[in-house]
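File shown: coords.cif. Contents: mmCIF, C-alpha atoms and all ligand atoms.
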data_my_file
#
loop_
_atom_site.group_PDB
_atom_site.id
_atom_site.type_symbol
_atom_site.label_atom_id
_atom_site.label_comp_id
_atom_site.auth_asym_id
_atom_site.auth_seq_id
_atom_site.Cartn_x
_atom_site.Cartn_y
_atom_site.Cartn_z
ATOM 1 C CA MET A 1 -41.828 57.829 16.676
ATOM 2 C CA VAL A 2 -45.180 58.351 14.987
ATOM 3 C CA VAL A 3 -45.520 58.016 11.226
ATOM 4 C CA ARG A 4 -48.516 59.225 9.244
ATOM 5 C CA ASN A 5 -49.335 58.906 5.571
ATOM 6 C CA LEU A 6 -45.750 58.304 4.488
ATOM 7 C CA THR A 7 -45.340 58.083 0.732
ATOM 8 C CA ARG A 8 -42.358 57.509 -1.492
ATOM 9 C CA SER A 9 -42.050 56.657 -5.181
ATOM 10 C CA PHE A 10 -39.136 55.726 -7.412
ATOM 11 C CA GLY A 11 -39.773 57.358 -10.763
ATOM 12 C CA THR A 12 -43.390 56.603 -11.539
ATOM 13 C CA MET A 13 -43.490 53.554 -9.269
ATOM 14 C CA PRO A 14 -45.117 54.197 -5.885
ATOM 15 C CA VAL A 15 -43.496 52.042 -3.198
ATOM 16 C CA LEU A 16 -44.910 53.525 0.007
ATOM 17 C CA ARG A 17 -48.490 54.705 -0.467
ATOM 18 C CA GLY A 18 -49.449 56.051 2.924
ATOM 19 C CA VAL A 19 -47.724 54.221 5.766
ATOM 20 C CA ASP A 20 -49.043 54.790 9.308
ATOM 21 C CA LEU A 21 -46.991 53.401 12.159
ATOM 22 C CA ASP A 22 -46.748 54.008 15.913
ATOM 23 C CA LEU A 23 -43.426 53.155 17.497
ATOM 24 C CA PRO A 24 -43.610 53.898 21.227
ATOM 25 C CA ALA A 25 -40.432 54.200 23.293
ATOM 26 C CA GLY A 26 -39.524 51.002 25.123
ATOM 27 C CA THR A 27 -40.956 48.679 22.493
ATOM 28 C CA VAL A 28 -39.633 46.332 19.838
ATOM 29 C CA HIS A 29 -41.733 46.432 16.680
ATOM 30 C CA GLY A 30 -41.424 43.945 13.816
ATOM 31 C CA ILE A 31 -42.250 44.446 10.178
ATOM 32 C CA VAL A 32 -42.915 41.766 7.576
ATOM 33 C CA GLY A 33 -43.537 42.064 3.873
ATOM 34 C CA HIS A 34 -42.597 40.227 0.712
ATOM 35 C CA ASN A 35 -39.395 40.976 -1.194
ATOM 36 C CA GLY A 36 -39.822 44.407 -2.731
ATOM 37 C CA ALA A 37 -42.681 45.391 -0.397
ATOM 38 C CA GLY A 38 -40.767 48.516 0.645
ATOM 39 C CA LYS A 39 -39.303 47.657 4.049
ATOM 40 C CA THR A 40 -35.830 49.010 3.314
ATOM 41 C CA THR A 41 -37.344 52.081 1.679
ATOM 42 C CA LEU A 42 -39.384 52.663 4.837
ATOM 43 C CA PHE A 43 -36.327 52.244 7.088
ATOM 44 C CA ARG A 44 -34.333 54.691 4.986
ATOM 45 C CA CYS A 45 -37.151 57.260 5.124
ATOM 46 C CA LEU A 46 -37.404 56.922 8.916
ATOM 47 C CA ALA A 47 -33.627 57.266 9.218
ATOM 48 C CA GLY A 48 -33.757 60.484 7.218
ATOM 49 C CA LEU A 49 -31.659 58.978 4.438
ATOM 50 C CA LEU A 50 -34.358 59.200 1.795
ATOM 51 C CA ASP A 51 -36.767 62.015 1.003
ATOM 52 C CA CYS A 52 -40.424 61.176 1.426
ATOM 53 C CA ARG A 53 -43.814 62.805 1.925
ATOM 54 C CA GLY A 54 -45.982 62.551 4.978
ATOM 55 C CA ASP A 55 -45.484 63.228 8.644
ATOM 56 C CA ILE A 56 -42.835 61.685 10.888
ATOM 57 C CA GLN A 57 -42.660 62.839 14.520
ATOM 58 C CA PRO A 58 -40.080 63.591 15.692
ATOM 59 C CA ARG A 59 -38.712 64.600 12.303
ATOM 60 C CA PRO A 60 -35.685 62.456 11.368
ATOM 61 C CA ALA A 61 -33.635 65.538 10.453
ATOM 62 C CA GLU A 62 -34.106 66.859 14.001
ATOM 63 C CA VAL A 63 -33.200 63.603 15.792
ATOM 64 C CA ARG A 64 -30.680 62.314 13.286
ATOM 65 C CA THR A 65 -27.999 61.968 15.969
ATOM 66 C CA ARG A 66 -30.221 59.616 17.980
ATOM 67 C CA ILE A 67 -31.166 57.268 15.133
ATOM 68 C CA GLY A 68 -29.178 54.158 14.274
ATOM 69 C CA PHE A 69 -29.875 52.357 10.990
ATOM 70 C CA LEU A 70 -28.524 48.851 10.413
ATOM 71 C CA PRO A 71 -28.622 48.111 6.674
ATOM 72 C CA THR A 72 -29.229 44.583 5.385
ATOM 73 C CA ASP A 73 -25.761 44.458 3.927
ATOM 74 C CA PRO A 74 -23.416 46.834 5.794
ATOM 75 C CA SER A 75 -20.238 47.984 4.069
ATOM 76 C CA PHE A 76 -17.165 49.752 5.409
ATOM 77 C CA PRO A 77 -14.464 52.069 4.089
ATOM 78 C CA SER A 78 -11.262 50.443 2.841
ATOM 79 C CA TYR A 79 -8.345 50.014 5.232
ATOM 80 C CA VAL A 80 -10.419 50.808 8.319
ATOM 81 C CA THR A 81 -10.128 48.316 11.177
ATOM 82 C CA GLY A 82 -13.003 47.359 13.460
ATOM 83 C CA TRP A 83 -11.501 49.551 16.207
ATOM 84 C CA GLU A 84 -11.197 52.500 13.876
ATOM 85 C CA TYR A 85 -14.760 52.051 12.656
ATOM 86 C CA LEU A 86 -16.080 52.155 16.229
ATOM 87 C CA LYS A 87 -14.014 55.292 16.877
ATOM 88 C CA LEU A 88 -15.504 56.843 13.735
ATOM 89 C CA CYS A 89 -19.010 56.021 15.005
ATOM 90 C CA CYS A 90 -18.245 57.821 18.276
ATOM 91 C CA ALA A 91 -16.550 60.753 16.555
ATOM 92 C CA ALA A 92 -19.586 61.213 14.293
ATOM 93 C CA ARG A 93 -21.633 61.891 17.428
ATOM 94 C CA GLN A 94 -18.956 63.821 19.302
ATOM 95 C CA LEU A 95 -18.798 61.041 21.882
ATOM 96 C CA PRO A 96 -15.612 60.113 23.728
ATOM 97 C CA THR A 97 -13.916 56.942 22.519
ATOM 98 C CA GLU A 98 -14.132 54.183 25.088
ATOM 99 C CA ASP A 99 -12.235 50.949 25.494
ATOM 100 C CA PHE A 100 -14.309 48.810 23.172
ATOM 101 C CA ALA A 101 -12.444 45.628 24.214
ATOM 102 C CA ASP A 102 -14.555 45.579 27.381
ATOM 103 C CA GLN A 103 -17.736 45.850 25.356
ATOM 104 C CA ASN A 104 -16.820 43.505 22.508
ATOM 105 C CA LEU A 105 -19.850 41.291 23.089
ATOM 106 C CA PHE A 106 -19.553 39.544 19.705
ATOM 107 C CA ASP A 107 -15.806 38.829 20.111
ATOM 108 C CA LEU A 108 -14.999 40.565 16.848
ATOM 109 C CA PRO A 109 -11.360 40.727 15.673
ATOM 110 C CA LEU A 110 -11.298 44.510 15.985
ATOM 111 C CA ASP A 111 -7.702 44.858 14.824
ATOM 112 C CA ARG A 112 -8.559 43.465 11.372
ATOM 113 C CA TYR A 113 -9.853 45.495 8.427
ATOM 114 C CA ALA A 114 -13.651 45.627 8.587
ATOM 115 C CA GLU A 115 -13.851 45.305 4.813
ATOM 116 C CA ASP A 116 -12.335 41.822 5.136
ATOM 117 C CA TYR A 117 -14.867 40.619 7.715
ATOM 118 C CA SER A 118 -17.326 37.863 6.848
ATOM 119 C CA THR A 119 -20.960 38.773 6.139
ATOM 120 C CA GLY A 120 -22.082 37.993 9.702
ATOM 121 C CA MET A 121 -19.084 39.764 11.255
ATOM 122 C CA LYS A 122 -19.851 42.898 9.221
ATOM 123 C CA LYS A 123 -23.410 42.892 10.478
ATOM 124 C CA LYS A 124 -22.251 42.504 14.064
ATOM 125 C CA LEU A 125 -19.700 45.318 13.722
ATOM 126 C CA ALA A 126 -22.312 47.630 12.201
ATOM 127 C CA LEU A 127 -24.674 46.864 15.077
ATOM 128 C CA PHE A 128 -21.869 47.360 17.604
ATOM 129 C CA GLY A 129 -21.245 50.766 16.003
ATOM 130 C CA LEU A 130 -24.868 51.766 16.546
ATOM 131 C CA LEU A 131 -24.775 50.596 20.159
ATOM 132 C CA VAL A 132 -21.650 52.564 21.105
ATOM 133 C CA GLN A 133 -23.418 55.641 19.753
ATOM 134 C CA GLN A 134 -26.113 55.277 22.429
ATOM 135 C CA ASN A 135 -28.944 55.792 19.954
ATOM 136 C CA ASP A 136 -32.576 56.063 21.024
ATOM 137 C CA LEU A 137 -34.178 54.629 17.880
ATOM 138 C CA TYR A 138 -32.780 51.489 16.250
ATOM 139 C CA LEU A 139 -33.888 50.673 12.714
ATOM 140 C CA LEU A 140 -32.629 47.150 12.088
ATOM 141 C CA ASP A 141 -33.110 45.808 8.579
ATOM 142 C CA GLU A 142 -32.893 42.012 8.794
ATOM 143 C CA PRO A 143 -30.553 41.961 11.805
ATOM 144 C CA PHE A 144 -30.626 38.167 12.246
ATOM 145 C CA ASN A 145 -29.829 37.316 8.649
ATOM 146 C CA GLY A 146 -26.343 35.848 8.146
ATOM 147 C CA VAL A 147 -25.526 35.911 11.840
ATOM 148 C CA ASP A 148 -24.553 32.697 13.676
ATOM 149 C CA ILE A 149 -26.855 31.023 16.199
ATOM 150 C CA GLN A 150 -25.002 32.228 19.308
ATOM 151 C CA SER A 151 -24.947 35.816 18.072
ATOM 152 C CA ASN A 152 -28.621 35.586 17.175
ATOM 153 C CA LEU A 153 -29.393 34.583 20.762
ATOM 154 C CA LEU A 154 -27.192 37.407 21.994
ATOM 155 C CA MET A 155 -29.004 39.841 19.712
ATOM 156 C CA GLN A 156 -32.329 38.716 21.118
ATOM 157 C CA ALA A 157 -31.079 39.374 24.656
ATOM 158 C CA LEU A 158 -29.804 42.719 23.411
ATOM 159 C CA LEU A 159 -33.236 43.619 22.067
ATOM 160 C CA ARG A 160 -34.719 42.884 25.473
ATOM 161 C CA ARG A 161 -32.054 45.096 27.080
ATOM 162 C CA LEU A 162 -32.786 47.947 24.666
ATOM 163 C CA ARG A 163 -36.483 47.651 25.451
ATOM 164 C CA GLU A 164 -35.774 47.733 29.196
ATOM 165 C CA ARG A 165 -33.687 50.869 28.677
ATOM 166 C CA GLY A 166 -36.637 52.578 27.004
ATOM 167 C CA LYS A 167 -35.191 52.503 23.482
ATOM 168 C CA THR A 168 -37.340 52.117 20.385
ATOM 169 C CA VAL A 169 -36.578 49.294 17.962
ATOM 170 C CA LEU A 170 -38.063 48.626 14.529
ATOM 171 C CA LEU A 171 -36.798 45.471 12.881
ATOM 172 C CA SER A 172 -37.557 43.527 9.750
ATOM 173 C CA SER A 173 -37.096 39.821 9.245
ATOM 174 C CA HIS A 174 -38.118 37.151 6.810
ATOM 175 C CA VAL A 175 -37.896 34.553 9.576
ATOM 176 C CA PHE A 176 -41.086 34.668 11.591
ATOM 177 C CA ALA A 177 -39.579 32.940 14.652
ATOM 178 C CA GLY A 178 -37.116 35.812 15.087
ATOM 179 C CA LEU A 179 -39.965 38.296 15.163
ATOM 180 C CA ARG A 180 -42.381 36.400 17.369
ATOM 181 C CA GLU A 181 -39.689 35.842 19.995
ATOM 182 C CA ASN A 182 -38.787 39.493 20.276
ATOM 183 C CA CYS A 183 -41.549 41.820 19.162
ATOM 184 C CA ASP A 184 -44.269 43.596 21.115
ATOM 185 C CA ALA A 185 -46.161 44.001 17.843
ATOM 186 C CA ILE A 186 -45.720 42.985 14.207
ATOM 187 C CA SER A 187 -46.915 45.047 11.250
ATOM 188 C CA VAL A 188 -47.592 43.707 7.784
ATOM 189 C CA LEU A 189 -46.437 45.979 4.942
ATOM 190 C CA ARG A 190 -48.466 45.219 1.841
ATOM 191 C CA ASP A 191 -49.286 47.274 -1.241
ATOM 192 C CA GLY A 192 -47.354 50.204 0.171
ATOM 193 C CA ARG A 193 -49.353 50.424 3.398
ATOM 194 C CA ILE A 194 -49.413 48.882 6.841
ATOM 195 C CA GLU A 195 -52.200 46.431 6.225
ATOM 196 C CA ARG A 196 -52.457 45.607 9.913
ATOM 197 C CA THR A 197 -50.537 45.481 13.146
ATOM 198 C CA VAL A 198 -50.953 42.455 15.367
ATOM 199 C CA SER A 199 -50.126 41.895 19.029
ATOM 200 C CA PRO A 200 -48.517 38.691 20.399
ATOM 201 C CA ASP A 201 -51.865 36.943 20.986
ATOM 202 C CA ALA A 202 -52.460 36.988 17.214
ATOM 203 C CA TYR A 203 -48.965 35.857 16.124
ATOM 204 C CA ASP A 204 -50.084 32.240 15.634
ATOM 205 C CA SER A 205 -52.799 33.167 13.169
ATOM 206 C CA LEU A 206 -50.519 35.603 11.318
ATOM 207 C CA GLU A 207 -47.823 32.943 11.002
ATOM 208 C CA LYS A 208 -50.369 30.394 9.768
ATOM 209 C CA GLU A 209 -51.656 32.831 7.197
ATOM 210 C CA LEU A 210 -48.138 33.574 5.930
ATOM 211 C CA ARG A 211 -47.320 29.856 5.826
ATOM 212 C CA ASP A 212 -50.517 28.955 3.967
ATOM 213 C CA TYR A 213 -49.700 31.569 1.337
ATOM 214 C CA VAL A 214 -46.316 29.985 0.660
ATOM 215 C CA VAL A 215 -47.086 26.312 0.996
ATOM 216 C CA GLY A 216 -50.480 26.220 -0.709
ATOM 217 C CA ALA A 217 -50.986 25.618 -4.440
ATOM 218 C CA ARG A 218 -48.025 27.903 -5.198
ATOM 219 C CA LEU A 219 -45.501 25.051 -5.054
ATOM 220 C CA ASP A 220 -47.515 23.022 -7.579
ATOM 221 C CA ARG A 221 -46.730 25.605 -10.265
ATOM 222 C CA LEU A 222 -43.245 24.184 -10.499
ATOM 223 C CA ARG A 223 -42.805 20.815 -12.181
ATOM 224 C CA ILE A 224 -40.028 18.744 -10.719
ATOM 225 C CA ASP A 225 -39.756 15.380 -12.494
HETATM 226 N N1 LIG B 1 -32.976 53.475 -5.429
HETATM 227 C C1 LIG B 1 -33.991 52.862 -6.040
HETATM 228 N N2 LIG B 1 -34.322 53.154 -7.297
HETATM 229 C C2 LIG B 1 -35.370 52.555 -7.917
HETATM 230 N N3 LIG B 1 -36.155 51.631 -7.320
HETATM 231 C C3 LIG B 1 -35.856 51.290 -6.045
HETATM 232 C C4 LIG B 1 -34.768 51.884 -5.341
HETATM 233 N N4 LIG B 1 -34.748 51.354 -4.098
HETATM 234 C C5 LIG B 1 -35.746 50.465 -4.037
HETATM 235 N N5 LIG B 1 -36.417 50.423 -5.204
HETATM 236 C C6 LIG B 1 -37.593 49.609 -5.504
HETATM 237 O O1 LIG B 1 -38.543 49.813 -4.477
HETATM 238 C C7 LIG B 1 -39.216 48.593 -4.187
HETATM 239 C C8 LIG B 1 -39.065 48.301 -2.700
HETATM 240 O O2 LIG B 1 -37.716 47.978 -2.440
HETATM 241 P P1 LIG B 1 -37.200 47.705 -0.949
HETATM 242 O O3 LIG B 1 -35.744 47.426 -1.028
HETATM 243 O O4 LIG B 1 -37.654 48.799 -0.078
HETATM 244 O O5 LIG B 1 -38.016 46.372 -0.587
HETATM 245 P P2 LIG B 1 -37.853 45.381 0.640
HETATM 246 O O6 LIG B 1 -39.221 45.159 1.187
HETATM 247 O O7 LIG B 1 -36.814 45.880 1.573
HETATM 248 O O8 LIG B 1 -37.344 44.070 -0.105
HETATM 249 P P3 LIG B 1 -36.455 42.832 0.428
HETATM 250 O O9 LIG B 1 -37.330 42.022 1.343
HETATM 251 O O10 LIG B 1 -36.123 42.085 -0.813
HETATM 252 O O11 LIG B 1 -35.231 43.394 1.116
HETATM 253 C C9 LIG B 1 -38.618 47.531 -5.103
HETATM 254 O O12 LIG B 1 -39.457 47.388 -6.230
HETATM 255 C C10 LIG B 1 -37.272 48.125 -5.482
HETATM 256 O O13 LIG B 1 -36.864 47.655 -6.755
#

What does this structure look like when you write it as structure tokens?
Ligand SMILES: Nc1ncnc2c1ncn2[C@@H]1O[C@H](COP(=O)(O)OP(=O)(O)OP(=O)(O)O)[C@@H](O)[C@H]1O
Amino acid sequence: MVVRNLTRSFGTMPVLRGVDLDLPAGTVHGIVGHNGAGKTTLFRCLAGLLDCRGDIQPRPAEVRTRIGFLPTDPSFPSYVTGWEYLKLCCAARQLPTEDFADQNLFDLPLDRYAEDYSTGMKKKLALFGLLVQQNDLYLLDEPFNGVDIQSNLLMQALLRRLRERGKTVLLSSHVFAGLRENCDAISVLRDGRIERTVSPDAYDSLEKELRDYVVGARLDRLRID
């Protein structure tokens, strides 16, 4: 996917002011930015869930059935079990329902209502739903957040598998380690634009810069007696 000059405002507040991004097939691309920088807004625009200006190729409306968006905080309809949710995901794409027990890589209790799952279980079920749909582009908004250590490791292996299969992945995280382990490139979203995109050889300096920003004089503003 190639994104050029993407803009989006809420009311009079511009959030995305001209985002340019190249997301080649077979790559995992990370995005960092402070709370409120516009990461979720960007994901929703790329998924075709939010109107925006600019150029996205291919256009989300045309490849909607190949895009999977994992929200930060997935929610599910009432009285729908994990099994039923996965069947719904397949039905939405006119795909045959398979035996998900064989593919239940996160060992989810699929016979229970998804609404009653824990935070991490909900995230894993939502991701599972995207995977059974055989999407080409995965937009993962904070996929590691709230997920246990074993599942995090499994997700990392999964990202590698998706890359090998030629899929495109864009993921956000507030934990730098999760990005540096998995990403072919990391972009910094700041002031509504991609300020820069760095390759793995520059991850150390990017991490240091982000750490310096947080740990510097900022902490001294707070008085703890
Ligand atoms: N539906 C909406 N209506 C009005 N403002 C919105 C809406 N959605 C997002 N915003 C605003 O847009 C800005 C960007 O929000 P967004 O959720 O995209 O940030 P983010 O980078 O994902 O943040 P976080 O790291 O906290 O998840 C924020 O100022 C937010 O309040």

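Here atom CA of A:Phe176 and atom CA of A:Ser205 stand 11.9 Å from one another.
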
Original post:
Just so the selection is clear, what residues does the PyMOL selection byres (((chain A and resi 148-153) around 10) and not hetatm) cover here, as a PyMOL selection string?
Top reply: chain A and resi 105-107+120-121+124+143-147+154-159+178

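Among the candidate residues A:Ile224, A:Leu171, A:Val80, A:Ala47, the one lying nearest to A:Thr65 is A:Ala47, with distances computed using only C-alpha atoms.
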
As a quick test: using all atoms listed in the file, which residues lie no more than 10 Å away from ligand LIG 1 (chain B)? Give them as a PDB file with C-alpha atoms, in the coordinates of the input.
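Result file follows (part-v7.pdb):
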ATOM      1  CA  ARG A   8     -42.358  57.509  -1.492  1.00  0.00           C
ATOM      2  CA  SER A   9     -42.050  56.657  -5.181  1.00  0.00           C
ATOM      3  CA  PHE A  10     -39.136  55.726  -7.412  1.00  0.00           C
ATOM      4  CA  GLY A  11     -39.773  57.358 -10.763  1.00  0.00           C
ATOM      5  CA  THR A  12     -43.390  56.603 -11.539  1.00  0.00           C
ATOM      6  CA  MET A  13     -43.490  53.554  -9.269  1.00  0.00           C
ATOM      7  CA  PRO A  14     -45.117  54.197  -5.885  1.00  0.00           C
ATOM      8  CA  VAL A  15     -43.496  52.042  -3.198  1.00  0.00           C
ATOM      9  CA  LEU A  16     -44.910  53.525   0.007  1.00  0.00           C
ATOM     10  CA  ILE A  31     -42.250  44.446  10.178  1.00  0.00           C
ATOM     11  CA  VAL A  32     -42.915  41.766   7.576  1.00  0.00           C
ATOM     12  CA  GLY A  33     -43.537  42.064   3.873  1.00  0.00           C
ATOM     13  CA  HIS A  34     -42.597  40.227   0.712  1.00  0.00           C
ATOM     14  CA  ASN A  35     -39.395  40.976  -1.194  1.00  0.00           C
ATOM     15  CA  GLY A  36     -39.822  44.407  -2.731  1.00  0.00           C
ATOM     16  CA  ALA A  37     -42.681  45.391  -0.397  1.00  0.00           C
ATOM     17  CA  GLY A  38     -40.767  48.516   0.645  1.00  0.00           C
ATOM     18  CA  LYS A  39     -39.303  47.657   4.049  1.00  0.00           C
ATOM     19  CA  THR A  40     -35.830  49.010   3.314  1.00  0.00           C
ATOM     20  CA  THR A  41     -37.344  52.081   1.679  1.00  0.00           C
ATOM     21  CA  LEU A  42     -39.384  52.663   4.837  1.00  0.00           C
ATOM     22  CA  PHE A  43     -36.327  52.244   7.088  1.00  0.00           C
ATOM     23  CA  ARG A  44     -34.333  54.691   4.986  1.00  0.00           C
ATOM     24  CA  CYS A  45     -37.151  57.260   5.124  1.00  0.00           C
ATOM     25  CA  LEU A  50     -34.358  59.200   1.795  1.00  0.00           C
ATOM     26  CA  PRO A  71     -28.622  48.111   6.674  1.00  0.00           C
ATOM     27  CA  THR A  72     -29.229  44.583   5.385  1.00  0.00           C
ATOM     28  CA  ASP A  73     -25.761  44.458   3.927  1.00  0.00           C
ATOM     29  CA  ASP A 141     -33.110  45.808   8.579  1.00  0.00           C
ATOM     30  CA  GLU A 142     -32.893  42.012   8.794  1.00  0.00           C
ATOM     31  CA  SER A 172     -37.557  43.527   9.750  1.00  0.00           C
ATOM     32  CA  SER A 173     -37.096  39.821   9.245  1.00  0.00           C
ATOM     33  CA  HIS A 174     -38.118  37.151   6.810  1.00  0.00           C
ATOM     34  CA  LEU A 189     -46.437  45.979   4.942  1.00  0.00           C
ATOM     35  CA  ARG A 190     -48.466  45.219   1.841  1.00  0.00           C
ATOM     36  CA  GLY A 192     -47.354  50.204   0.171  1.00  0.00           C
TER      37      GLY A 192
END

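Using only C-alpha atoms, the nearest neighbour of A:Gln94 within the list A:Met1, A:Glu62, A:Asp111, A:Val132 is A:Val132.
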
Original post:
For A:Leu21, which residue out of A:Leu108, A:Leu46, A:Leu210, A:Cys52 is the nearest one, using all atoms listed in the file?
Top reply: A:Leu46

Subject >> Target residues per the PyMOL selection byres (((chain A and resi 85) around 10) and not hetatm), formatted as a ChimeraX atom specification >> reply: /A:76-77,80-84,86-91,110,113-114,125-126,128-129

For stretch 10-34 of chain A, supply N, CA and C atoms and report the output as a compact mmCIF listing (two decimals), keeping the file's coordinate frame.
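Result file follows (part_16.txt):
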# COMPACT_ATOMS: atom_id res chain seq x y z
N PHE A 10 -40.37 55.70 -6.63
CA PHE A 10 -39.14 55.73 -7.41
C PHE A 10 -39.58 55.91 -8.86
N GLY A 11 -39.26 57.05 -9.43
CA GLY A 11 -39.77 57.36 -10.76
C GLY A 11 -41.29 57.40 -10.69
N THR A 12 -41.93 56.62 -11.55
CA THR A 12 -43.39 56.60 -11.54
C THR A 12 -43.94 55.48 -10.67
N MET A 13 -43.03 54.72 -10.05
CA MET A 13 -43.49 53.55 -9.27
C MET A 13 -43.66 53.90 -7.79
N PRO A 14 -44.93 53.95 -7.31
CA PRO A 14 -45.12 54.20 -5.88
C PRO A 14 -44.70 52.96 -5.09
N VAL A 15 -43.92 53.17 -4.04
CA VAL A 15 -43.50 52.04 -3.20
C VAL A 15 -44.21 52.13 -1.85
N LEU A 16 -44.16 53.30 -1.23
CA LEU A 16 -44.91 53.52 0.01
C LEU A 16 -46.08 54.43 -0.34
N ARG A 17 -47.29 54.00 0.00
CA ARG A 17 -48.49 54.70 -0.47
C ARG A 17 -49.31 55.31 0.66
N GLY A 18 -48.69 55.49 1.80
CA GLY A 18 -49.45 56.05 2.92
C GLY A 18 -49.28 55.16 4.15
N VAL A 19 -48.03 55.09 4.62
CA VAL A 19 -47.72 54.22 5.77
C VAL A 19 -48.04 54.96 7.07
N ASP A 20 -48.79 54.30 7.95
CA ASP A 20 -49.04 54.79 9.31
C ASP A 20 -48.42 53.79 10.28
N LEU A 21 -47.68 54.30 11.22
CA LEU A 21 -46.99 53.40 12.16
C LEU A 21 -46.78 54.14 13.47
N ASP A 22 -47.03 53.45 14.59
CA ASP A 22 -46.75 54.01 15.91
C ASP A 22 -45.64 53.19 16.55
N LEU A 23 -44.57 53.85 16.90
CA LEU A 23 -43.43 53.16 17.50
C LEU A 23 -43.13 53.78 18.86
N PRO A 24 -43.82 53.30 19.90
CA PRO A 24 -43.61 53.90 21.23
C PRO A 24 -42.22 53.57 21.78
N ALA A 25 -41.70 54.45 22.61
CA ALA A 25 -40.43 54.20 23.29
C ALA A 25 -40.58 52.96 24.17
N GLY A 26 -39.51 52.19 24.28
CA GLY A 26 -39.52 51.00 25.12
C GLY A 26 -40.25 49.83 24.50
N THR A 27 -40.33 49.82 23.17
CA THR A 27 -40.96 48.68 22.49
C THR A 27 -40.09 48.21 21.33
N VAL A 28 -40.28 46.92 21.01
CA VAL A 28 -39.63 46.33 19.84
C VAL A 28 -40.75 45.99 18.86
N HIS A 29 -40.66 46.56 17.65
CA HIS A 29 -41.73 46.43 16.68
C HIS A 29 -41.19 45.72 15.44
N GLY A 30 -41.87 44.68 15.00
CA GLY A 30 -41.42 43.94 13.82
C GLY A 30 -42.20 44.36 12.58
N ILE A 31 -41.55 44.16 11.42
CA ILE A 31 -42.25 44.45 10.18
C ILE A 31 -41.98 43.31 9.20
N VAL A 32 -43.05 42.81 8.60
CA VAL A 32 -42.92 41.77 7.58
C VAL A 32 -43.52 42.27 6.28
N GLY A 33 -43.03 41.70 5.19
CA GLY A 33 -43.54 42.06 3.87
C GLY A 33 -42.71 41.32 2.85
N HIS A 34 -43.30 41.03 1.72
CA HIS A 34 -42.60 40.23 0.71
C HIS A 34 -41.40 41.00 0.14
